[in-house]
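S.K.: Please see the structure below; I have some questions.
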Amino acid sequence: MHSRVLSVIALATFGIIDAGYLSWARFTGSSLSCNILNGCNVVAASPESVLFGIMPLSYLGLLFYIGIFALGVLLLVQDAKLFRVLLVLATLGGFLASVYFTYLQAFVINAFCIYCLTSAVLSTLLFGFSIWVYYTKEESPASVAEL
């Protein structure tokens, strides 16, 4: 169980770095370094990159990954079913959002951002790991002591 939760924390850390870079670029008005796909700045400048014209999606992504990181830490401290349920629900939301944002890149913006696609992969992996964490039985104190 702990290794699965540590995987969630590691993936969330990569997400924090990814969304943090996008948020930093948005906040400072910097261009994105985009060596693999050339559409990063096109996607970042599109109207679809801002929720309701108010909140940049990169900021929401950063909050999402920080929240997932925090839930992972909480699960390490206490394996409560509530934390596992919240993890599944949050990562399901992240996964569905990523599917929608990837659709927007492909069919509305007509450009792809490697950082956005990285986030989509991370969200998908996080959702898969969260399901795995949810269905993992809680370890008894005796089994933990044997480690």
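Letters for chains follow the order of the structure tokens (A, B, ...), residue numbers begin at 1 for each chain, and ligand numbers begin at 1 in the order shown.
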Name all residues at most 12 Å from segment 67-80 of chain A (count only C-alpha atoms; drop same-chain ones fewer than 6 positions away) and give them as a VMD selection string.

M.R.: chain A and resid 1 to 17 60 to 61 86 to 94 122 to 123 126 to 127 129 to 130 133 to 141

S.K.: Excluding Val50 of chain A and residues on its chain fewer than 4 positions from it, collect all residues at most 12 Å away from it, counting only C-alpha atoms, and give them as a tab-separated table (two decimals) with C-alpha atoms, in the first residue's frame.

M.R.:
```
chain	number	residue	atom	x	y	z
A	23	SER	CA	1.86	28.93	-13.89
A	26	ARG	CA	1.66	32.69	-17.18
A	43	VAL	CA	-2.30	26.71	-26.45
A	44	ALA	CA	-1.21	28.91	-23.52
A	45	ALA	CA	-2.42	32.07	-25.29
A	46	SER	CA	-5.76	30.60	-26.36
A	54	ILE	CA	-10.83	34.59	-15.00
A	55	MET	CA	-8.64	31.74	-13.76
A	56	PRO	CA	-5.74	30.34	-15.81
A	57	LEU	CA	-6.01	26.56	-16.06
A	58	SER	CA	-2.33	26.26	-15.12
A	59	TYR	CA	-3.15	27.71	-11.68
A	60	LEU	CA	-5.99	25.21	-11.25
A	61	GLY	CA	-3.67	22.41	-12.33
A	101	PHE	CA	-8.49	19.71	-22.53
```

S.K.: Could you jot down the atom CA of Tyr115 of chain A to atom CA of Trp132 of chain A separation for me, Å, one decimal place?

M.R.: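 Interatomic distance, atom CA of Tyr115 of chain A to atom CA of Trp132 of chain A: 25.5 Å.
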
S.K.: If DSSP is run on the backbone, what residues of chain A are helix (DSSP H, G or I)? A reply as a CSV table (one decimal) with N, CA and C atoms, in the first residue's frame would be ideal.

M.R.:
```csv
chain,number,residue,atom,x,y,z
A,2,HIS,N,1.9,1.3,0.9
A,2,HIS,CA,2.7,2.5,1.0
A,2,HIS,C,3.4,2.8,-0.3
A,3,SER,N,3.9,1.8,-1.0
A,3,SER,CA,4.6,2.0,-2.3
A,3,SER,C,3.7,2.6,-3.3
A,4,ARG,N,2.4,2.2,-3.3
A,4,ARG,CA,1.4,2.8,-4.3
A,4,ARG,C,1.2,4.3,-3.9
A,5,VAL,N,1.0,4.5,-2.6
A,5,VAL,CA,0.8,5.9,-2.2
A,5,VAL,C,2.0,6.8,-2.5
A,6,LEU,N,3.2,6.2,-2.3
A,6,LEU,CA,4.4,6.9,-2.7
A,6,LEU,C,4.5,7.2,-4.2
A,7,SER,N,4.0,6.3,-5.0
A,7,SER,CA,3.9,6.5,-6.4
A,7,SER,C,2.9,7.7,-6.7
A,8,VAL,N,1.8,7.8,-6.0
A,8,VAL,CA,0.9,8.9,-6.2
A,8,VAL,C,1.6,10.2,-5.8
A,9,ILE,N,2.3,10.2,-4.7
A,9,ILE,CA,3.0,11.4,-4.3
A,9,ILE,C,4.1,11.8,-5.3
A,10,ALA,N,4.8,10.8,-5.8
A,10,ALA,CA,5.8,11.1,-6.9
A,10,ALA,C,5.2,11.7,-8.1
A,11,LEU,N,4.1,11.1,-8.6
A,11,LEU,CA,3.4,11.6,-9.8
A,11,LEU,C,2.9,13.0,-9.5
A,12,ALA,N,2.3,13.2,-8.3
A,12,ALA,CA,1.8,14.6,-8.0
A,12,ALA,C,3.0,15.6,-8.0
A,13,THR,N,4.2,15.2,-7.5
A,13,THR,CA,5.3,16.0,-7.5
A,13,THR,C,5.7,16.5,-8.9
A,14,PHE,N,5.7,15.5,-9.9
A,14,PHE,CA,6.0,15.8,-11.3
A,14,PHE,C,4.9,16.8,-11.8
A,15,GLY,N,3.6,16.6,-11.4
A,15,GLY,CA,2.6,17.5,-11.8
A,15,GLY,C,2.7,18.9,-11.2
A,16,ILE,N,3.2,19.0,-10.0
A,16,ILE,CA,3.5,20.3,-9.4
A,16,ILE,C,4.6,21.0,-10.2
A,17,ILE,N,5.6,20.3,-10.6
A,17,ILE,CA,6.7,20.9,-11.4
A,17,ILE,C,6.1,21.3,-12.8
A,18,ASP,N,5.4,20.5,-13.4
A,18,ASP,CA,4.8,20.8,-14.7
A,18,ASP,C,3.9,22.0,-14.7
A,19,ALA,N,2.9,21.9,-13.8
A,19,ALA,CA,1.9,23.0,-13.7
A,19,ALA,C,2.5,24.2,-13.1
A,20,GLY,N,3.5,24.0,-12.2
A,20,GLY,CA,4.2,25.2,-11.6
A,20,GLY,C,5.0,26.0,-12.7
A,21,TYR,N,5.6,25.2,-13.7
A,21,TYR,CA,6.3,25.9,-14.8
A,21,TYR,C,5.3,26.7,-15.6
A,22,LEU,N,4.2,26.1,-15.9
A,22,LEU,CA,3.2,26.8,-16.7
A,22,LEU,C,2.6,28.0,-16.0
A,23,SER,N,2.4,27.8,-14.7
A,23,SER,CA,1.9,28.9,-13.9
A,23,SER,C,2.9,30.1,-13.8
A,24,TRP,N,4.1,29.7,-13.6
A,24,TRP,CA,5.2,30.7,-13.5
A,24,TRP,C,5.2,31.5,-14.9
A,25,ALA,N,5.2,30.8,-16.0
A,25,ALA,CA,5.3,31.5,-17.3
A,25,ALA,C,4.0,32.4,-17.5
A,26,ARG,N,2.9,31.9,-17.1
A,26,ARG,CA,1.7,32.7,-17.2
A,26,ARG,C,1.8,33.9,-16.3
A,27,PHE,N,2.2,33.8,-15.1
A,27,PHE,CA,2.3,34.9,-14.1
A,27,PHE,C,3.3,35.9,-14.6
A,28,THR,N,4.4,35.5,-15.1
A,28,THR,CA,5.5,36.4,-15.5
A,28,THR,C,5.3,36.9,-17.0
A,40,CYS,N,3.0,25.0,-27.8
A,40,CYS,CA,2.8,25.4,-26.4
A,40,CYS,C,2.3,26.8,-26.2
A,41,ASN,N,2.9,27.7,-26.8
A,41,ASN,CA,2.5,29.1,-26.7
A,41,ASN,C,1.2,29.4,-27.3
A,42,VAL,N,0.9,28.7,-28.4
A,42,VAL,CA,-0.5,28.9,-29.0
A,42,VAL,C,-1.5,28.4,-28.0
A,43,VAL,N,-1.3,27.2,-27.4
A,43,VAL,CA,-2.3,26.7,-26.4
A,43,VAL,C,-2.4,27.6,-25.2
A,44,ALA,N,-1.2,28.1,-24.7
A,44,ALA,CA,-1.2,28.9,-23.5
A,44,ALA,C,-1.9,30.3,-23.8
A,45,ALA,N,-1.8,30.8,-25.0
A,45,ALA,CA,-2.4,32.1,-25.3
A,45,ALA,C,-3.9,32.0,-25.7
A,47,PRO,N,-8.0,31.4,-25.7
A,47,PRO,CA,-9.0,31.7,-24.7
A,47,PRO,C,-9.4,30.5,-23.9
A,48,GLU,N,-9.2,29.3,-24.4
A,48,GLU,CA,-9.5,28.0,-23.7
A,48,GLU,C,-8.5,27.8,-22.5
A,49,SER,N,-7.5,28.5,-22.4
A,49,SER,CA,-6.5,28.3,-21.3
A,49,SER,C,-6.9,29.0,-20.1
A,57,LEU,N,-5.9,28.0,-16.4
A,57,LEU,CA,-6.0,26.6,-16.1
A,57,LEU,C,-4.7,26.0,-15.4
A,58,SER,N,-3.6,26.7,-15.7
A,58,SER,CA,-2.3,26.3,-15.1
A,58,SER,C,-2.4,26.4,-13.6
A,59,TYR,N,-3.0,27.5,-13.1
A,59,TYR,CA,-3.1,27.7,-11.7
A,59,TYR,C,-4.0,26.6,-11.1
A,60,LEU,N,-5.1,26.3,-11.8
A,60,LEU,CA,-6.0,25.2,-11.3
A,60,LEU,C,-5.3,23.9,-11.2
A,61,GLY,N,-4.5,23.6,-12.3
A,61,GLY,CA,-3.7,22.4,-12.3
A,61,GLY,C,-2.7,22.3,-11.2
A,62,LEU,N,-2.1,23.4,-10.9
A,62,LEU,CA,-1.1,23.5,-9.7
A,62,LEU,C,-1.9,23.2,-8.4
A,63,LEU,N,-3.0,23.8,-8.2
A,63,LEU,CA,-3.8,23.5,-7.0
A,63,LEU,C,-4.2,22.0,-7.0
A,64,PHE,N,-4.6,21.5,-8.2
A,64,PHE,CA,-5.0,20.0,-8.2
A,64,PHE,C,-3.8,19.2,-7.8
A,65,TYR,N,-2.6,19.4,-8.3
A,65,TYR,CA,-1.5,18.5,-8.0
A,65,TYR,C,-1.1,18.7,-6.5
A,66,ILE,N,-1.2,19.9,-6.0
A,66,ILE,CA,-0.8,20.1,-4.6
A,66,ILE,C,-1.8,19.4,-3.7
A,67,GLY,N,-3.1,19.4,-4.1
A,67,GLY,CA,-4.2,18.7,-3.4
A,67,GLY,C,-3.9,17.2,-3.4
A,68,ILE,N,-3.6,16.6,-4.5
A,68,ILE,CA,-3.3,15.2,-4.7
A,68,ILE,C,-2.1,14.8,-3.8
A,69,PHE,N,-1.0,15.7,-3.8
A,69,PHE,CA,0.1,15.5,-3.0
A,69,PHE,C,-0.3,15.4,-1.5
A,70,ALA,N,-1.1,16.4,-1.1
A,70,ALA,CA,-1.5,16.4,0.3
A,70,ALA,C,-2.3,15.2,0.7
A,71,LEU,N,-3.2,14.7,-0.2
A,71,LEU,CA,-4.0,13.5,0.1
A,71,LEU,C,-3.1,12.3,0.2
A,72,GLY,N,-2.0,12.2,-0.7
A,72,GLY,CA,-1.1,11.2,-0.6
A,72,GLY,C,-0.3,11.2,0.8
A,73,VAL,N,0.1,12.3,1.2
A,73,VAL,CA,0.7,12.4,2.5
A,73,VAL,C,-0.2,12.0,3.6
A,74,LEU,N,-1.5,12.5,3.6
A,74,LEU,CA,-2.5,12.1,4.6
A,74,LEU,C,-2.6,10.5,4.6
A,75,LEU,N,-2.6,9.9,3.4
A,75,LEU,CA,-2.8,8.5,3.3
A,75,LEU,C,-1.6,7.8,3.9
A,76,LEU,N,-0.4,8.4,3.8
A,76,LEU,CA,0.8,7.8,4.5
A,76,LEU,C,0.7,7.8,6.0
A,77,VAL,N,0.1,8.9,6.5
A,77,VAL,CA,0.0,9.1,7.9
A,77,VAL,C,-1.1,8.2,8.5
A,81,LYS,N,-10.4,5.4,4.8
A,81,LYS,CA,-11.2,5.2,3.6
A,81,LYS,C,-11.6,6.5,3.0
A,82,LEU,N,-11.9,7.5,3.8
A,82,LEU,CA,-12.3,8.8,3.3
A,82,LEU,C,-11.2,9.4,2.5
A,83,PHE,N,-9.9,9.3,2.9
A,83,PHE,CA,-8.8,9.8,2.0
A,83,PHE,C,-8.7,9.1,0.7
A,84,ARG,N,-8.9,7.7,0.8
A,84,ARG,CA,-8.9,7.0,-0.5
A,84,ARG,C,-10.0,7.3,-1.4
A,85,VAL,N,-11.2,7.5,-0.9
A,85,VAL,CA,-12.4,8.0,-1.7
A,85,VAL,C,-12.1,9.3,-2.3
A,86,LEU,N,-11.6,10.3,-1.5
A,86,LEU,CA,-11.3,11.6,-2.0
A,86,LEU,C,-10.3,11.6,-3.1
A,87,LEU,N,-9.3,10.7,-2.9
A,87,LEU,CA,-8.2,10.6,-3.9
A,87,LEU,C,-8.8,10.1,-5.2
A,88,VAL,N,-9.7,9.1,-5.2
A,88,VAL,CA,-10.3,8.6,-6.4
A,88,VAL,C,-11.1,9.6,-7.1
A,89,LEU,N,-12.0,10.3,-6.3
A,89,LEU,CA,-12.8,11.3,-6.9
A,89,LEU,C,-12.0,12.5,-7.5
A,90,ALA,N,-11.0,12.9,-6.8
A,90,ALA,CA,-10.2,14.1,-7.3
A,90,ALA,C,-9.5,13.7,-8.5
A,91,THR,N,-8.9,12.5,-8.5
A,91,THR,CA,-8.1,12.1,-9.7
A,91,THR,C,-9.1,11.8,-10.9
A,92,LEU,N,-10.3,11.3,-10.6
A,92,LEU,CA,-11.3,11.1,-11.7
A,92,LEU,C,-11.6,12.5,-12.3
A,93,GLY,N,-11.8,13.5,-11.5
A,93,GLY,CA,-12.0,14.8,-12.0
A,93,GLY,C,-10.8,15.3,-12.8
A,94,GLY,N,-9.6,15.1,-12.4
A,94,GLY,CA,-8.4,15.5,-13.1
A,94,GLY,C,-8.3,14.7,-14.4
A,95,PHE,N,-8.6,13.5,-14.4
A,95,PHE,CA,-8.6,12.7,-15.7
A,95,PHE,C,-9.6,13.2,-16.7
A,96,LEU,N,-10.9,13.4,-16.2
A,96,LEU,CA,-11.9,13.8,-17.1
A,96,LEU,C,-11.6,15.2,-17.7
A,97,ALA,N,-11.0,16.1,-16.8
A,97,ALA,CA,-10.6,17.4,-17.3
A,97,ALA,C,-9.5,17.3,-18.4
A,98,SER,N,-8.6,16.4,-18.1
A,98,SER,CA,-7.5,16.2,-19.1
A,98,SER,C,-8.0,15.7,-20.4
A,99,VAL,N,-9.0,14.8,-20.4
A,99,VAL,CA,-9.6,14.3,-21.7
A,99,VAL,C,-10.2,15.5,-22.4
A,100,TYR,N,-10.9,16.3,-21.7
A,100,TYR,CA,-11.6,17.5,-22.3
A,100,TYR,C,-10.5,18.5,-22.9
A,101,PHE,N,-9.5,18.7,-22.1
A,101,PHE,CA,-8.5,19.7,-22.5
A,101,PHE,C,-7.7,19.2,-23.7
A,102,THR,N,-7.5,17.9,-23.8
A,102,THR,CA,-6.8,17.3,-24.9
A,102,THR,C,-7.7,17.4,-26.2
A,103,TYR,N,-9.0,17.2,-26.0
A,103,TYR,CA,-9.9,17.4,-27.1
A,103,TYR,C,-9.9,18.8,-27.6
A,104,LEU,N,-9.8,19.8,-26.7
A,104,LEU,CA,-9.7,21.2,-27.1
A,104,LEU,C,-8.5,21.4,-27.9
A,105,GLN,N,-7.4,20.9,-27.5
A,105,GLN,CA,-6.1,21.1,-28.2
A,105,GLN,C,-6.2,20.5,-29.6
A,106,ALA,N,-6.8,19.3,-29.7
A,106,ALA,CA,-6.9,18.7,-31.0
A,106,ALA,C,-7.9,19.3,-32.0
A,107,PHE,N,-9.1,19.7,-31.5
A,107,PHE,CA,-10.1,20.0,-32.4
A,107,PHE,C,-10.6,21.5,-32.3
A,108,VAL,N,-10.2,22.2,-31.3
A,108,VAL,CA,-10.6,23.6,-31.2
A,108,VAL,C,-9.4,24.5,-31.4
A,109,ILE,N,-8.3,24.3,-30.7
A,109,ILE,CA,-7.1,25.1,-30.8
A,109,ILE,C,-6.2,24.7,-32.0
A,114,ILE,N,3.2,20.2,-25.1
A,114,ILE,CA,3.8,19.1,-24.4
A,114,ILE,C,3.6,19.1,-22.9
A,115,TYR,N,3.5,20.2,-22.3
A,115,TYR,CA,3.3,20.3,-20.9
A,115,TYR,C,1.9,19.9,-20.5
A,116,CYS,N,0.9,20.3,-21.4
A,116,CYS,CA,-0.5,19.9,-21.2
A,116,CYS,C,-0.6,18.4,-21.4
A,117,LEU,N,0.0,17.9,-22.4
A,117,LEU,CA,0.0,16.4,-22.7
A,117,LEU,C,0.6,15.7,-21.5
A,118,THR,N,1.7,16.2,-21.0
A,118,THR,CA,2.4,15.6,-19.8
A,118,THR,C,1.4,15.5,-18.7
A,119,SER,N,0.7,16.6,-18.4
A,119,SER,CA,-0.3,16.7,-17.4
A,119,SER,C,-1.4,15.7,-17.6
A,120,ALA,N,-1.8,15.5,-18.8
A,120,ALA,CA,-2.9,14.5,-19.2
A,120,ALA,C,-2.4,13.1,-18.8
A,121,VAL,N,-1.1,12.8,-19.2
A,121,VAL,CA,-0.6,11.5,-18.8
A,121,VAL,C,-0.5,11.3,-17.3
A,122,LEU,N,0.0,12.3,-16.6
A,122,LEU,CA,0.1,12.3,-15.2
A,122,LEU,C,-1.3,12.1,-14.5
A,123,SER,N,-2.3,12.8,-15.0
A,123,SER,CA,-3.6,12.7,-14.5
A,123,SER,C,-4.2,11.3,-14.7
A,124,THR,N,-3.9,10.7,-15.9
A,124,THR,CA,-4.4,9.4,-16.2
A,124,THR,C,-3.7,8.4,-15.2
A,125,LEU,N,-2.4,8.5,-15.1
A,125,LEU,CA,-1.6,7.6,-14.2
A,125,LEU,C,-2.1,7.8,-12.7
A,126,LEU,N,-2.3,9.0,-12.3
A,126,LEU,CA,-2.8,9.2,-10.9
A,126,LEU,C,-4.2,8.6,-10.7
A,127,PHE,N,-5.1,8.7,-11.7
A,127,PHE,CA,-6.4,8.0,-11.6
A,127,PHE,C,-6.2,6.5,-11.4
A,128,GLY,N,-5.4,5.9,-12.3
A,128,GLY,CA,-5.1,4.5,-12.2
A,128,GLY,C,-4.6,4.1,-10.8
A,129,PHE,N,-3.6,4.8,-10.4
A,129,PHE,CA,-3.0,4.5,-9.1
A,129,PHE,C,-4.0,4.7,-7.9
A,130,SER,N,-4.8,5.7,-8.1
A,130,SER,CA,-5.8,6.0,-7.0
A,130,SER,C,-6.8,4.8,-6.9
A,131,ILE,N,-7.2,4.2,-8.0
A,131,ILE,CA,-8.0,3.1,-8.0
A,131,ILE,C,-7.3,1.9,-7.3
A,132,TRP,N,-6.1,1.7,-7.6
A,132,TRP,CA,-5.2,0.7,-7.0
A,132,TRP,C,-5.1,0.9,-5.5
A,133,VAL,N,-4.9,2.1,-5.1
A,133,VAL,CA,-4.8,2.4,-3.7
A,133,VAL,C,-6.1,2.2,-3.0
A,134,TYR,N,-7.2,2.5,-3.7
A,134,TYR,CA,-8.5,2.4,-3.1
A,134,TYR,C,-8.8,0.9,-2.8
A,141,PRO,N,-1.6,-3.5,11.9
A,141,PRO,CA,-0.3,-3.0,12.6
A,141,PRO,C,0.7,-4.2,12.7
A,142,ALA,N,0.3,-5.4,12.8
A,142,ALA,CA,1.2,-6.5,12.9
A,142,ALA,C,2.0,-6.6,11.6
A,143,SER,N,1.4,-6.5,10.4
A,143,SER,CA,2.1,-6.7,9.2
A,143,SER,C,3.0,-5.5,8.9
A,144,VAL,N,2.7,-4.3,9.4
A,144,VAL,CA,3.6,-3.2,9.3
A,144,VAL,C,4.8,-3.4,10.2
A,145,ALA,N,4.6,-3.9,11.3
A,145,ALA,CA,5.7,-4.1,12.3
A,145,ALA,C,6.7,-5.1,11.8
A,146,GLU,N,6.2,-6.1,11.0
A,146,GLU,CA,7.1,-7.1,10.4
A,146,GLU,C,8.0,-6.6,9.4
```
